[in-house]
2 protein chains.
Amino acid sequence: MAKRRKVSNLLGLAILAQLSAGRPMHPYEIATVLKQTGKESDMNIKWGSLYTVVQNLDRHGFIEATTSNRDGRRPERTVYAITGAGREELRDWMRELVAVVEPETNRFEAALSVLAVLPPDEAIALLETRLAAVDAANAAHRTMLAELTELPRVFLIESEYALAIREAEATWIRSLLGEIAAGTLSGVDDWRAYHETGQLPAGFAQMLDEEVPLEPGEDRPLEDR
Amino acid sequence: MAKRRKVSNLLGLAILAQLSAGRPMHPYEIATVLKQTGKESDMNIKWGSLYTVVQNLDRHGFIEATTSNRDGRRPERTVYAITGAGREELRDWMRELVAVVEPETNRFEAALSVLAVLPPDEAIALLETRLAAVDAANAAHRTMLAELTELPRVFLIESEYALAIREAEATWIRSLLGEIAAGTLSGVDDWRAYHETGQLPAGFAQMLDEEVPLEPGEDRPLEDR
DNA sequence: ACCCGTATATTCGTGGGCGAGTATCCGGAA
DNA sequence: TTCCGGATACTCGCCCACGAATATACGGGT
């Protein structure tokens with residue numbers, strides 16, 4: 001599914017959410033509030049897109065200009081309010097984002113899928129570097145959450161989620177390194193041989209024909225099975 | 001860090017990796033191989049970008065045209081090989097992707113950060129839907145991995161990683177739902193009150209000033225602390 | 001012998017994302 | 001009083017991703 005949105009940039013979601021909960025605002029003020037409430041990091045917002053997104057939301061009737069006041073000789077500031085259609089879009093968008101799990105891929109996973117292009121020893125070293133970085137970030141994250149005792153946790157769930165995922169990543173990397181060291185991960189010898197000789201070891205060839213690691217949930221090509 | 005790459009599309013990484021490990025190929029053949037080896041889902045590849053990316057890799061000297069043969073009356077096919085600079089770029093890119101953890105945000109996390117715009121009961125229902133979907137996908141994924149016994153696990157690490165992360169997500173959602181049900185998640189009553197009365201409960205206002213859930217690892221704004 | 005669906009292989013247009021630039025205002029230091 | 005740095009508020013334009021269109025070849029069914 002995952003319907004094509006008229007406005008697809010997640011900054012648009014943040015704007016709709018803000019206007020839905022609060023009073024009408026002009027773009028720059030929205031940006032300020034979003035920064036203050038930490039949405040910036042949650043959504044990876046690029047402020048260069050702010051006015052484009054606002055314009056698009058307006059064009060599609062999700063928000064509308066209310067007043068246009070000017071203070072002193074400041075440039076004119078257009079104040080926007082969310083519309084009925086905007087509220088509808090917001091709810092519908094949220095329903096999709098929460099309920100529908102679509103295949104998201106992150107850069108680390110992409111790298112893992114071609115990790116074999118690096119020699120095993122270098123790969124191991126890099127993974128150890130990453131593990132250390134993730135552990136450190138998680139420790140800082142945990143401390144930060146522990147310090148925010150006065151804030152109701154409902155407002156921190158996205159942060160708790162992010163931490164949980166990062167911790168899972170650390171655990172997984174640790175276990176991978178352990179398996180490599182213990183020799184329980186099959187294929188490492190071939191991997192090493194490949195980088196030492198430059199030759200594809202026997203057994204690699206048919207594998208390239210075999211391998212079908214489809215993520216579940218995707219449609220298989222028609223001819224399969 | 002996270003240097004700006006001359007070619008930033010991850011499809012470029014996949015192409016470099018393929019040309020580095022195998023023989024020179026023409027674009028369409030690369031695409032075929034990448035599909036076969038499952039890189040498609042690992043990197044969320046859009047095939048519409050194929051020729052643009054190949055062109056960019058060429059323009060920056062990471063790959064170069066070798067021959068340009070034509071079979072029968074087929075359109076001419078340009079065969080590309082990786083260059084020295086290409087191999088260097090590939091290794092450097094991989095080093096960065098594996099070792100450097102940069103703030104990645106996914107759509108679900110973004111949605112969580114504004115979950116309060118939905119009434120609590122609807123949010124809970126949606127989370128339950130998601131949980132069911134994730135559980136089902138994970139079960140299928142586990143089965144698939146279990147069936148691929150003849151394949152060395154080194155070639156499946158990205159898939160095992162993806163599964164581990166998804167399982168962590170399921171666990172986290174389950175625990176969140178549990179905490180809401182048990183009442184150990186603070187703030188749910190205010191959240192519900194807000195949606196029933198339309199009024200921001202006391203205690204929400206100062207929070208909007210307070211909240212500074214910076215992800216660790218990011219620089220704080222200068223004036224803080 | 002012909003038809004048609006699928007595989008092969010590539011081109012093109014456009015829309016939007018976002019980095020970088022611009023202009024004005026204000027408060028404090030010297 | 002003047003200077004300057006940062007906050008305020010917005011504009012612009014490049015570039016790239018990618019959906020959709022295109023065109024020919026091949027193989028198998030009737």
# chains A, B, ... in the order shown; residues from 1 in each chain; ligands from 1
>>> closest_atom_pairs(of="chain D", to="chain A", cutoff="12 Å", atoms="only C-alpha atoms (C1' of nucleotides)", output="Markdown table")
| residue | atom | partner | partner_atom | distance |
| --- | --- | --- | --- | --- |
| D:DA7 | C1' | A:Thr32 | CA | 11.4 |
| D:DT8 | C1' | A:Tyr28 | CA | 8.2 |
| D:DA9 | C1' | A:Tyr28 | CA | 6.6 |
| D:DC10 | C1' | A:Tyr51 | CA | 8.1 |
| D:DT11 | C1' | A:Tyr51 | CA | 9.2 |
| D:DC12 | C1' | A:Gly48 | CA | 11.0 |
>>> write_last_selection(atoms="C-alpha atoms (C1' of nucleotides)", output="mmCIF file, in the first residue's frame")
data_model
loop_
_atom_site.group_PDB
_atom_site.id
_atom_site.type_symbol
_atom_site.label_atom_id
_atom_site.label_comp_id
_atom_site.auth_asym_id
_atom_site.auth_seq_id
_atom_site.Cartn_x
_atom_site.Cartn_y
_atom_site.Cartn_z
ATOM 1 C "C1'" DA D 7 18.661 36.182 15.631
ATOM 2 C "C1'" DT D 8 14.910 36.686 12.462
ATOM 3 C "C1'" DA D 9 12.787 35.548 8.185
ATOM 4 C "C1'" DC D 10 12.815 34.186 3.740
ATOM 5 C "C1'" DT D 11 14.367 33.312 -1.513
ATOM 6 C "C1'" DC D 12 16.618 31.015 -5.106
#
>>> residues_around(residues="Asn138 in chain B", least_positions_apart="3", cutoff="8 Å", atoms="only C-alpha atoms (C1' of nucleotides)", output="PyMOL selection string")
(chain A and resi 216) or (chain B and resi 134-135+141-142+163+166-167)
>>> write_last_selection(atoms="C-alpha atoms", output="mmCIF file, in the first residue's frame")
data_model
loop_
_atom_site.group_PDB
_atom_site.id
_atom_site.type_symbol
_atom_site.label_atom_id
_atom_site.label_comp_id
_atom_site.auth_asym_id
_atom_site.auth_seq_id
_atom_site.Cartn_x
_atom_site.Cartn_y
_atom_site.Cartn_z
ATOM 1 C CA PRO A 216 9.558 -11.344 3.532
ATOM 2 C CA VAL B 134 5.901 -7.212 12.337
ATOM 3 C CA ASP B 135 5.495 -10.519 14.144
ATOM 4 C CA HIS B 141 11.804 -14.190 7.748
ATOM 5 C CA ARG B 142 13.005 -16.697 10.331
ATOM 6 C CA LEU B 163 15.629 -9.571 11.358
ATOM 7 C CA ARG B 166 12.721 -6.030 13.506
ATOM 8 C CA GLU B 167 12.551 -8.360 16.459
#
>>> atom_distance(atom1="CA of Leu19 in chain A", atom2="CA of Asp190 in chain B")
19.4 Å
>>> residues_around(residues="Gly86 in chain A", least_positions_apart="4", cutoff="7 Å", atoms="only C-alpha atoms (C1' of nucleotides)", output="ChimeraX atom specification")
/A:16,61-63,82,90
>>> write_last_selection(atoms="C-alpha atoms", output="mmCIF file, in the first residue's frame")
data_model
loop_
_atom_site.group_PDB
_atom_site.id
_atom_site.type_symbol
_atom_site.label_atom_id
_atom_site.label_comp_id
_atom_site.auth_asym_id
_atom_site.auth_seq_id
_atom_site.Cartn_x
_atom_site.Cartn_y
_atom_site.Cartn_z
ATOM 1 C CA LEU A 16 0.567 19.594 10.476
ATOM 2 C CA GLY A 61 -5.441 22.855 1.016
ATOM 3 C CA PHE A 62 -3.997 21.251 4.149
ATOM 4 C CA ILE A 63 -3.183 24.620 5.661
ATOM 5 C CA ILE A 82 -4.507 23.907 9.656
ATOM 6 C CA LEU A 90 -2.696 14.198 9.368
#
>>> residues_around(residues="Ala123 in chain B", least_positions_apart="5", cutoff="10 Å", atoms="only C-alpha atoms (C1' of nucleotides)", output="number ranges by chain")
A: 94-95, 98-99; B: 112, 115-118, 128-129
>>> closest_atom_pairs(of="chain C", to="chain B", cutoff="9 Å", atoms="only C-alpha atoms (C1' of nucleotides)", output="CSV")
residue,atom,partner,partner_atom,distance
C:DT8,C1',B:Tyr28,CA,8.1
C:DA9,C1',B:Tyr28,CA,6.5
C:DT10,C1',B:Tyr51,CA,8.0
>>> write_last_selection(atoms="N, CA and C atoms (P, O5', C5', C4', C3', O3' and C1' of nucleotides)", output="JSON list (two decimals), in the first residue's frame")
[["chain", "number", "residue", "atom", "x", "y", "z"],
["C", 8, "DT", "P", 16.37, -11.01, -19.83],
["C", 8, "DT", "O5'", 16.69, -9.86, -20.87],
["C", 8, "DT", "C5'", 16.95, -10.20, -22.23],
["C", 8, "DT", "C4'", 17.18, -8.95, -23.03],
["C", 8, "DT", "C3'", 18.23, -7.99, -22.45],
["C", 8, "DT", "O3'", 19.17, -7.70, -23.46],
["C", 8, "DT", "C1'", 16.28, -6.82, -23.03],
["C", 9, "DA", "P", 20.60, -7.20, -23.02],
["C", 9, "DA", "O5'", 20.38, -5.63, -22.88],
["C", 9, "DA", "C5'", 20.20, -4.88, -24.07],
["C", 9, "DA", "C4'", 19.70, -3.50, -23.79],
["C", 9, "DA", "C3'", 20.43, -2.70, -22.71],
["C", 9, "DA", "O3'", 21.36, -1.85, -23.39],
["C", 9, "DA", "C1'", 18.09, -2.22, -22.84],
["C", 10, "DT", "P", 22.27, -0.80, -22.55],
["C", 10, "DT", "O5'", 21.32, 0.49, -22.58],
["C", 10, "DT", "C5'", 20.70, 0.81, -23.83],
["C", 10, "DT", "C4'", 19.67, 1.89, -23.70],
["C", 10, "DT", "C3'", 20.11, 3.17, -22.97],
["C", 10, "DT", "O3'", 20.23, 4.20, -23.93],
["C", 10, "DT", "C1'", 17.86, 2.59, -22.50]]
>>> select_by_dssp(residues="range 17-221 of chain A", states="strand (DSSP E or B)", output="list in words")
Met25, Ile63, Glu64, Ala65, Thr66, Thr67, Ser68, Asn69, Arg77, Thr78, Val79, Tyr80, Ala81 and Ile82 of chain A
>>> residues_around(residues="range 13-26 of chain D", least_positions_apart="2", cutoff="12 Å", atoms="only C-alpha atoms (C1' of nucleotides)", output="number ranges by chain")
B: 6-11, 45-53, 56, 71-76; C: 4-21; D: 11, 28
>>> select_by_dssp(residues="range 55-152 of chain B", states="alpha helix (DSSP H)", output="MDAnalysis selection string")
chainID B and resid 55:59 84:99 107:113 120:147
>>> write_last_selection(atoms="C-alpha atoms", output="compact mmCIF listing (two decimals), in the first residue's frame")
# COMPACT_ATOMS: atom_id res chain seq x y z
CA GLN B 55 26.82 8.00 -15.81
CA ASN B 56 27.85 9.81 -12.64
CA LEU B 57 30.24 7.04 -11.64
CA ASP B 58 31.76 7.34 -15.09
CA ARG B 59 31.95 11.11 -14.96
CA GLY B 84 41.58 2.25 -9.41
CA ALA B 85 39.87 5.38 -8.18
CA GLY B 86 36.65 3.38 -8.08
CA ARG B 87 38.18 0.71 -5.86
CA GLU B 88 39.52 3.40 -3.58
CA GLU B 89 36.14 5.09 -3.40
CA LEU B 90 34.45 1.77 -2.66
CA ARG B 91 36.77 0.99 0.24
CA ASP B 92 36.53 4.49 1.63
CA TRP B 93 32.76 4.54 1.34
CA MET B 94 32.50 1.19 3.08
CA ARG B 95 34.78 2.34 5.87
CA GLU B 96 32.49 5.27 6.46
CA LEU B 97 29.25 3.31 6.25
CA VAL B 98 30.39 0.65 8.67
CA ALA B 99 32.38 2.64 11.18
CA ARG B 107 9.32 6.77 9.45
CA PHE B 108 7.93 4.88 12.40
CA GLU B 109 10.12 6.83 14.80
CA ALA B 110 8.95 10.06 13.22
CA ALA B 111 5.35 8.98 13.70
CA LEU B 112 5.98 8.08 17.34
CA SER B 113 7.27 11.56 17.98
CA PRO B 120 -4.87 7.12 22.80
CA ASP B 121 -7.29 4.34 21.97
CA GLU B 122 -6.75 4.70 18.26
CA ALA B 123 -3.00 4.84 18.76
CA ILE B 124 -3.12 1.62 20.76
CA ALA B 125 -5.16 -0.11 18.11
CA LEU B 126 -2.74 0.97 15.39
CA LEU B 127 0.24 -0.18 17.41
CA GLU B 128 -1.42 -3.56 17.83
CA THR B 129 -1.93 -3.78 14.11
CA ARG B 130 1.69 -2.98 13.50
CA LEU B 131 2.84 -5.46 16.08
CA ALA B 132 0.88 -8.23 14.41
CA ALA B 133 2.35 -7.34 11.03
CA VAL B 134 5.90 -7.21 12.34
CA ASP B 135 5.49 -10.52 14.14
CA ALA B 136 4.18 -12.17 11.02
CA ALA B 137 6.95 -10.78 8.85
CA ASN B 138 9.55 -11.90 11.34
CA ALA B 139 8.16 -15.41 11.50
CA ALA B 140 8.32 -15.65 7.73
CA HIS B 141 11.80 -14.19 7.75
CA ARG B 142 13.01 -16.70 10.33
CA THR B 143 11.58 -19.57 8.33
CA MET B 144 13.29 -18.32 5.20
CA LEU B 145 16.65 -18.07 6.90
CA ALA B 146 16.25 -21.52 8.38
CA GLU B 147 15.63 -22.95 4.93
>>> atom_distance(atom1="CA of Ala21 in chain A", atom2="CA of Gly183 in chain B")
24.2 Å
>>> closest_residue(among="B:Ala182, B:Ile15, B:Ala81, B:Met25", to="chain A", atoms="only C-alpha atoms")
B:Ile15
>>> closest_residue(among="B:His195, B:Pro201, B:Ile180, B:Asn106", to="Ile165 in chain A", atoms="only C-alpha atoms")
B:Asn106
>>> closest_residue(among="A:Thr197, A:Thr184, A:Thr78, A:Thr37", to="chain B", atoms="only C-alpha atoms")
A:Thr37
>>> decode(residues="range 146-191 of chain B", atoms="N, CA and C atoms", output="PDB file, in the first residue's frame")
ATOM      1  N   ALA B 146      16.028 -20.129   7.950  1.00  0.00           N
ATOM      2  CA  ALA B 146      16.252 -21.516   8.377  1.00  0.00           C
ATOM      3  C   ALA B 146      16.331 -22.447   7.181  1.00  0.00           C
ATOM      4  N   GLU B 147      15.643 -22.085   6.104  1.00  0.00           N
ATOM      5  CA  GLU B 147      15.633 -22.953   4.926  1.00  0.00           C
ATOM      6  C   GLU B 147      16.898 -22.837   4.089  1.00  0.00           C
ATOM      7  N   LEU B 148      17.616 -21.713   4.258  1.00  0.00           N
ATOM      8  CA  LEU B 148      18.806 -21.499   3.443  1.00  0.00           C
ATOM      9  C   LEU B 148      20.045 -22.109   4.089  1.00  0.00           C
ATOM     10  N   THR B 149      19.983 -23.400   4.350  1.00  0.00           N
ATOM     11  CA  THR B 149      21.072 -24.030   5.109  1.00  0.00           C
ATOM     12  C   THR B 149      22.338 -24.222   4.283  1.00  0.00           C
ATOM     13  N   GLU B 150      22.176 -24.348   2.968  1.00  0.00           N
ATOM     14  CA  GLU B 150      23.361 -24.645   2.156  1.00  0.00           C
ATOM     15  C   GLU B 150      24.217 -23.402   1.915  1.00  0.00           C
ATOM     16  N   LEU B 151      23.649 -22.241   2.183  1.00  0.00           N
ATOM     17  CA  LEU B 151      24.362 -20.990   1.913  1.00  0.00           C
ATOM     18  C   LEU B 151      25.200 -20.572   3.123  1.00  0.00           C
ATOM     19  N   PRO B 152      26.476 -20.276   2.922  1.00  0.00           N
ATOM     20  CA  PRO B 152      27.292 -19.797   4.056  1.00  0.00           C
ATOM     21  C   PRO B 152      26.659 -18.564   4.677  1.00  0.00           C
ATOM     22  N   ARG B 153      26.635 -18.513   5.987  1.00  0.00           N
ATOM     23  CA  ARG B 153      25.929 -17.424   6.668  1.00  0.00           C
ATOM     24  C   ARG B 153      26.577 -16.068   6.430  1.00  0.00           C
ATOM     25  N   VAL B 154      27.832 -16.056   6.077  1.00  0.00           N
ATOM     26  CA  VAL B 154      28.481 -14.767   5.796  1.00  0.00           C
ATOM     27  C   VAL B 154      27.680 -13.977   4.762  1.00  0.00           C
ATOM     28  N   PHE B 155      27.033 -14.686   3.880  1.00  0.00           N
ATOM     29  CA  PHE B 155      26.292 -14.012   2.817  1.00  0.00           C
ATOM     30  C   PHE B 155      24.896 -13.593   3.240  1.00  0.00           C
ATOM     31  N   LEU B 156      24.574 -13.858   4.480  1.00  0.00           N
ATOM     32  CA  LEU B 156      23.226 -13.547   4.951  1.00  0.00           C
ATOM     33  C   LEU B 156      23.229 -12.570   6.113  1.00  0.00           C
ATOM     34  N   ILE B 157      24.393 -12.049   6.439  1.00  0.00           N
ATOM     35  CA  ILE B 157      24.441 -11.218   7.644  1.00  0.00           C
ATOM     36  C   ILE B 157      23.500 -10.028   7.575  1.00  0.00           C
ATOM     37  N   GLU B 158      23.368  -9.415   6.407  1.00  0.00           N
ATOM     38  CA  GLU B 158      22.485  -8.249   6.336  1.00  0.00           C
ATOM     39  C   GLU B 158      21.040  -8.650   6.596  1.00  0.00           C
ATOM     40  N   SER B 159      20.715  -9.862   6.204  1.00  0.00           N
ATOM     41  CA  SER B 159      19.359 -10.346   6.439  1.00  0.00           C
ATOM     42  C   SER B 159      19.163 -10.676   7.921  1.00  0.00           C
ATOM     43  N   GLU B 160      20.171 -11.276   8.514  1.00  0.00           N
ATOM     44  CA  GLU B 160      20.092 -11.584   9.944  1.00  0.00           C
ATOM     45  C   GLU B 160      20.025 -10.288  10.751  1.00  0.00           C
ATOM     46  N   TYR B 161      20.763  -9.300  10.303  1.00  0.00           N
ATOM     47  CA  TYR B 161      20.727  -7.999  10.977  1.00  0.00           C
ATOM     48  C   TYR B 161      19.321  -7.396  10.909  1.00  0.00           C
ATOM     49  N   ALA B 162      18.775  -7.378   9.709  1.00  0.00           N
ATOM     50  CA  ALA B 162      17.445  -6.797   9.530  1.00  0.00           C
ATOM     51  C   ALA B 162      16.429  -7.499  10.432  1.00  0.00           C
ATOM     52  N   LEU B 163      16.548  -8.813  10.501  1.00  0.00           N
ATOM     53  CA  LEU B 163      15.629  -9.571  11.358  1.00  0.00           C
ATOM     54  C   LEU B 163      15.806  -9.191  12.823  1.00  0.00           C
ATOM     55  N   ALA B 164      17.056  -9.095  13.254  1.00  0.00           N
ATOM     56  CA  ALA B 164      17.317  -8.757  14.652  1.00  0.00           C
ATOM     57  C   ALA B 164      16.695  -7.406  15.008  1.00  0.00           C
ATOM     58  N   ILE B 165      16.832  -6.462  14.111  1.00  0.00           N
ATOM     59  CA  ILE B 165      16.288  -5.133  14.375  1.00  0.00           C
ATOM     60  C   ILE B 165      14.769  -5.178  14.438  1.00  0.00           C
ATOM     61  N   ARG B 166      14.174  -5.896  13.505  1.00  0.00           N
ATOM     62  CA  ARG B 166      12.721  -6.030  13.506  1.00  0.00           C
ATOM     63  C   ARG B 166      12.215  -6.705  14.767  1.00  0.00           C
ATOM     64  N   GLU B 167      12.970  -7.675  15.234  1.00  0.00           N
ATOM     65  CA  GLU B 167      12.551  -8.360  16.459  1.00  0.00           C
ATOM     66  C   GLU B 167      12.623  -7.410  17.638  1.00  0.00           C
ATOM     67  N   ALA B 168      13.630  -6.564  17.634  1.00  0.00           N
ATOM     68  CA  ALA B 168      13.735  -5.572  18.703  1.00  0.00           C
ATOM     69  C   ALA B 168      12.554  -4.607  18.643  1.00  0.00           C
ATOM     70  N   GLU B 169      12.154  -4.272  17.430  1.00  0.00           N
ATOM     71  CA  GLU B 169      11.006  -3.380  17.296  1.00  0.00           C
ATOM     72  C   GLU B 169       9.758  -4.034  17.881  1.00  0.00           C
ATOM     73  N   ALA B 170       9.547  -5.296  17.544  1.00  0.00           N
ATOM     74  CA  ALA B 170       8.372  -6.011  18.058  1.00  0.00           C
ATOM     75  C   ALA B 170       8.403  -6.045  19.582  1.00  0.00           C
ATOM     76  N   THR B 171       9.549  -6.372  20.113  1.00  0.00           N
ATOM     77  CA  THR B 171       9.690  -6.427  21.568  1.00  0.00           C
ATOM     78  C   THR B 171       9.354  -5.085  22.209  1.00  0.00           C
ATOM     79  N   TRP B 172       9.865  -4.025  21.580  1.00  0.00           N
ATOM     80  CA  TRP B 172       9.639  -2.702  22.152  1.00  0.00           C
ATOM     81  C   TRP B 172       8.159  -2.329  22.102  1.00  0.00           C
ATOM     82  N   ILE B 173       7.519  -2.584  20.974  1.00  0.00           N
ATOM     83  CA  ILE B 173       6.096  -2.251  20.866  1.00  0.00           C
ATOM     84  C   ILE B 173       5.295  -3.024  21.903  1.00  0.00           C
ATOM     85  N   ARG B 174       5.619  -4.311  22.042  1.00  0.00           N
ATOM     86  CA  ARG B 174       4.918  -5.146  23.017  1.00  0.00           C
ATOM     87  C   ARG B 174       5.068  -4.546  24.413  1.00  0.00           C
ATOM     88  N   SER B 175       6.272  -4.134  24.718  1.00  0.00           N
ATOM     89  CA  SER B 175       6.501  -3.596  26.056  1.00  0.00           C
ATOM     90  C   SER B 175       5.782  -2.262  26.244  1.00  0.00           C
ATOM     91  N   LEU B 176       5.745  -1.467  25.177  1.00  0.00           N
ATOM     92  CA  LEU B 176       5.031  -0.193  25.276  1.00  0.00           C
ATOM     93  C   LEU B 176       3.544  -0.434  25.544  1.00  0.00           C
ATOM     94  N   LEU B 177       2.961  -1.326  24.775  1.00  0.00           N
ATOM     95  CA  LEU B 177       1.549  -1.634  24.965  1.00  0.00           C
ATOM     96  C   LEU B 177       1.303  -2.160  26.377  1.00  0.00           C
ATOM     97  N   GLY B 178       2.224  -2.978  26.846  1.00  0.00           N
ATOM     98  CA  GLY B 178       2.111  -3.503  28.200  1.00  0.00           C
ATOM     99  C   GLY B 178       2.136  -2.391  29.238  1.00  0.00           C
ATOM    100  N   GLU B 179       3.034  -1.462  29.049  1.00  0.00           N
ATOM    101  CA  GLU B 179       3.161  -0.365  30.010  1.00  0.00           C
ATOM    102  C   GLU B 179       1.930   0.539  29.996  1.00  0.00           C
ATOM    103  N   ILE B 180       1.376   0.726  28.811  1.00  0.00           N
ATOM    104  CA  ILE B 180       0.160   1.541  28.747  1.00  0.00           C
ATOM    105  C   ILE B 180      -0.969   0.838  29.491  1.00  0.00           C
ATOM    106  N   ALA B 181      -1.096  -0.454  29.227  1.00  0.00           N
ATOM    107  CA  ALA B 181      -2.156  -1.231  29.871  1.00  0.00           C
ATOM    108  C   ALA B 181      -1.966  -1.250  31.387  1.00  0.00           C
ATOM    109  N   ALA B 182      -0.727  -1.417  31.807  1.00  0.00           N
ATOM    110  CA  ALA B 182      -0.447  -1.516  33.240  1.00  0.00           C
ATOM    111  C   ALA B 182      -0.469  -0.157  33.929  1.00  0.00           C
ATOM    112  N   GLY B 183      -0.458   0.906  33.137  1.00  0.00           N
ATOM    113  CA  GLY B 183      -0.486   2.236  33.731  1.00  0.00           C
ATOM    114  C   GLY B 183       0.859   2.713  34.236  1.00  0.00           C
ATOM    115  N   THR B 184       1.924   2.047  33.830  1.00  0.00           N
ATOM    116  CA  THR B 184       3.247   2.468  34.310  1.00  0.00           C
ATOM    117  C   THR B 184       3.901   3.510  33.405  1.00  0.00           C
ATOM    118  N   LEU B 185       3.205   3.855  32.336  1.00  0.00           N
ATOM    119  CA  LEU B 185       3.749   4.895  31.448  1.00  0.00           C
ATOM    120  C   LEU B 185       3.123   6.227  31.831  1.00  0.00           C
ATOM    121  N   SER B 186       3.928   7.125  32.334  1.00  0.00           N
ATOM    122  CA  SER B 186       3.370   8.378  32.848  1.00  0.00           C
ATOM    123  C   SER B 186       2.898   9.300  31.730  1.00  0.00           C
ATOM    124  N   GLY B 187       1.769   9.957  31.974  1.00  0.00           N
ATOM    125  CA  GLY B 187       1.290  10.958  31.041  1.00  0.00           C
ATOM    126  C   GLY B 187       0.104  10.513  30.204  1.00  0.00           C
ATOM    127  N   VAL B 188      -0.231   9.234  30.272  1.00  0.00           N
ATOM    128  CA  VAL B 188      -1.313   8.729  29.424  1.00  0.00           C
ATOM    129  C   VAL B 188      -2.652   9.360  29.804  1.00  0.00           C
ATOM    130  N   ASP B 189      -2.827   9.592  31.091  1.00  0.00           N
ATOM    131  CA  ASP B 189      -4.073  10.214  31.545  1.00  0.00           C
ATOM    132  C   ASP B 189      -4.235  11.626  30.974  1.00  0.00           C
ATOM    133  N   ASP B 190      -3.141  12.382  30.964  1.00  0.00           N
ATOM    134  CA  ASP B 190      -3.187  13.729  30.380  1.00  0.00           C
ATOM    135  C   ASP B 190      -3.481  13.652  28.887  1.00  0.00           C
ATOM    136  N   TRP B 191      -2.849  12.710  28.249  1.00  0.00           N
ATOM    137  CA  TRP B 191      -3.046  12.500  26.813  1.00  0.00           C
ATOM    138  C   TRP B 191      -4.532  12.245  26.531  1.00  0.00           C
TER     139      TRP B 191
END
